[in-house]
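Undergrad: Let me begin by handing over the structure; questions about it come next.
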Amino acid sequence: MNTSKPIRVRMAPSPTGYLHIGGARTALFNYLFSRHYKGTFILRIEDTDQERSKEEFEDAILQDLRWLGVEWDEGPIKEGAYGPYYQSERLDLYRKYLKKLQELGKVYACYCTPEELEAERQDLLKRHKTPKYLGKCRNLTEQEKKALEAQGRPSVIRFRIDEKDPIQFHDLIRGDISVDPSILGDFVICKPDGWPLYNFAAVVDDCEMKISHVIRGEEHISNTPRQILLAKTLGLELPQYAHVSIILAPDRSKLSKRHGATSLGDYRTQGFLADALKNYLALLGWNPGDEREIMSEKELIQDFVLERMVKSPAIFDVEKLKWMNGMYIRNSALDTIVHESLPFLEASGLSVKDKHPHWLKKVIETIRGNLETLNQVGSFSELFFDEKFTLAEEAKTQLLKNKKEVLEVLNALDTLLAKAGTIDLEGFQKLQEDLKSKVTVSDKKLLFQSQRLALTGRLKGPEMTVVMPILGVDSCRKRIQITKSKLSL
RNA sequence: GUCCCCAUCGUCUAGUCCGGUCUAGGACACCUCCCUUUCACGGAGGUGACCCGGGUUCAAAUCCCGGUGGGGACGCCA
């Protein structure tokens with residue numbers, strides 16, 4: 001790869017919606033690329049669509065990017081030498097380049113109405129031709145223009161395409177791409193109110209901001225020839241392009257709202273860890289060339305090269321993301337997981353304020369092996385919270401099935417607990433030995449299961465070896481009483 | 001419809017550039033077994049793919065052509 005120029009990449013979201021999983025992945029690739037080559041990662045807000053741009057979306061995008069750990073070096077909040085980083089604040093610049101285009105005679109005013117344009121489009125479609133602007137206003141005389149203006153018709157500015165030779169460019173991921181300019185049609189670069197449109201603003205900014213590599217979604221391949229034409233006409237130095245394949249839903253269609261969570265925020269509230277999502281996203285369309293899958297950010301940065309990007313689109317598989325998230329929940333620092341779990345615990349109605357931090361840590365430590373996502377933390381840990389203690393129907397049935405034995409076990413256990421005073425890991429072993437010698441029940445399974453059912457109210461859960469010490473003697477005894485009374489034993 | 005892009009297990013992918021070592025490797029999911037008082041974790045196995053048709057070649061997942069399929073674009077959105 002040509003790395004003679006300083007590496008500068010950018011992510012250019014438009015604040016017209018929340019950050020999409022695909023956008024996050026594109027941002028991530030840009031970020032990894034910039035870090036790998038020790039370059040600069042720029043965040044540019046493309047807010048030229050005044051009607052749809054909302055501050056709320058911009059805030060969310062910034063927040064989500066930060067949550068993912070994709071930090072930018074230049075952009076909003078972090079001003080740099082190539083600012084401003086909002087297109088709405090760069091209008092003078094576009095005006096300057098527009099003037100240049102006018103002087104070169106490469107643009108013209110178009111007075112066609114949206115209805116006329118749509119009719120033209122439909123007509124071309126019907127005749128099996130490429131729908132494009134045919135150039136009706138290309139050669140308007142001054143008088144014609146005046147007449148149109150007198151009618152009160154607003155006008156847009158179109159870029160005049162005179163090229164006949166194929167527009168070719170080398171895509172760093174896809175290789176050589178060639179497009180016949182005749183399919184393009186003169187495209188609009190400025191709206192009636194003078195605001196620039198995407199293809200114009202983006203290429204001006206990419207060049208002005210000295211972007212070395214434009215890494216963006218595949219949907220932009222068709223914009224590239226237009227941008228190249230504009231840049232060449234303006235004498236601007238072009239960046240290199242790399243078009244990343246898009247992410248598809250399981251039904252092979254474009255990922256959208258009807259497929260459930262699509263914005264990054266959705267994944268966060270569903271209990272996915274930023275590191276896990278980052279890891280998963282990095283592996284969607286890229287791989288390190290060996291069989292590693294769980295990779296730290298450091299490793300991702302070290303190994304990230306465009307040469308290893310996959311060209312075909314990838315289907316987003318939430319099952320694999322869940323698996324990876326589980327891996328991160330199990331293997332991250334316990335304190336981190338405890339901290340991340342707090343909001344989910346609260347959301348499940350489990351109050352942790354009056355609980356000892358050490359106790360909570362123990363709880364999370366014992367149940368984290370069961371978790372795929374953090375929003376399951378409540379349902380797996382509530383058995384440790386006395387205020388949530390209830391006997392599940394199936395637990396009741398099981399206990400009732402062996403009424404006599406259960407009563408014997410519980411009474412013996414209660415006595416033993418009262419005598420023990422406290423209980424820890426070793427104490428549990430001793431307790432079980434004593435229990436075994438005190439009761440007539442010899443079935444190991446029945447012995448353990450009765451205790452589990454009576455103390456947790458559930459059929460399943462972590463080993464009793466850890467459950468009992470975490471509950472403590474008081475809680476255990478309290479639960480024995482409740483269970484007994486509920487079963488009228 | 002037109003143009004552009006893509007095509008290996010259900011899914012993510014290695015292998016394709018430089019054809020033989022690929023009876024196609026790994027991971028998720030699924031199934032079986034082991035561990036285990038239960039769940040989960042963990043461990044060991046298993047099912048499962050080169051889109052189709054031609055061509056080049058001693059030899060094709062790999063190169064070429066055609067077809068088919070999928071996706072993207074065709075905005076006074078980005």
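Following the order of the structure tokens, chains are lettered A, B, ..., residues in each are numbered from 1, and ligands are numbered from 1.
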Set the cut-off to 9 Å and count only C-alpha atoms (C1' of nucleotides): what are the residues of chain B that reach chain A? Output as a list of chain:residue names.

TA: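 Interface list for chain B against chain A: B:G1, B:U2, B:C3, B:C4, B:C5, B:C6, B:A7, B:U11, B:C12, B:U13, B:A14, B:G26, B:A27, B:C28, B:A29, B:U37, B:U38, B:C39, B:A40, B:C41, B:G70, B:G71, B:G72, B:A73, B:C74, B:C76, B:C77, B:A78.
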
Undergrad: DSSP on the backbone: what in range 217-321 of chain A comes out helix (DSSP H, G or I), as a ChimeraX atom specification?

TA: /A:218-233,257-259,264-269,274-282,297-303,306-308,318-321

Undergrad: Enumerate, as a ChimeraX atom specification, the complete set of residues in range 51-129 of chain A that a backbone-based DSSP assignment places in strand (DSSP E).

TA: /A:107-110

Undergrad: Work out how far CA of Arg158 in chain A is from CA of Tyr111 in chain A, in Å to one decimal.

TA: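 One can read the CA of Tyr111 in chain A to CA of Arg158 in chain A distance as 10.2 Å.
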
Undergrad: What does the distance from CA of Gln151 in chain A to CA of Glu51 in chain A come to in Å, to one decimal?

TA: 25.7 Å

Undergrad: Got a sec: who's within 12 Å of Thr141 in chain A, counting only C-alpha atoms (C1' of nucleotides), leaving out chain neighbours fewer than 5 positions off, as a list in words?

TA: Tyr108, Ala109, Cys110, Lys136, Lys146, Ala147 and Leu148 of chain A

Undergrad: Write out the residues from the selection above, keeping C-alpha atoms, as a PDB file, in the first residue's frame.

TA:
ATOM      1  CA  TYR A 108     -25.481  24.888 -14.916  1.00  0.00           C
ATOM      2  CA  ALA A 109     -28.796  25.789 -13.386  1.00  0.00           C
ATOM      3  CA  CYS A 110     -31.611  23.301 -13.819  1.00  0.00           C
ATOM      4  CA  LYS A 136     -32.906  19.234 -20.572  1.00  0.00           C
ATOM      5  CA  LYS A 146     -35.060  34.444 -17.297  1.00  0.00           C
ATOM      6  CA  ALA A 147     -38.410  33.176 -18.481  1.00  0.00           C
ATOM      7  CA  LEU A 148     -38.199  30.156 -16.208  1.00  0.00           C
TER       8      LEU A 148
END
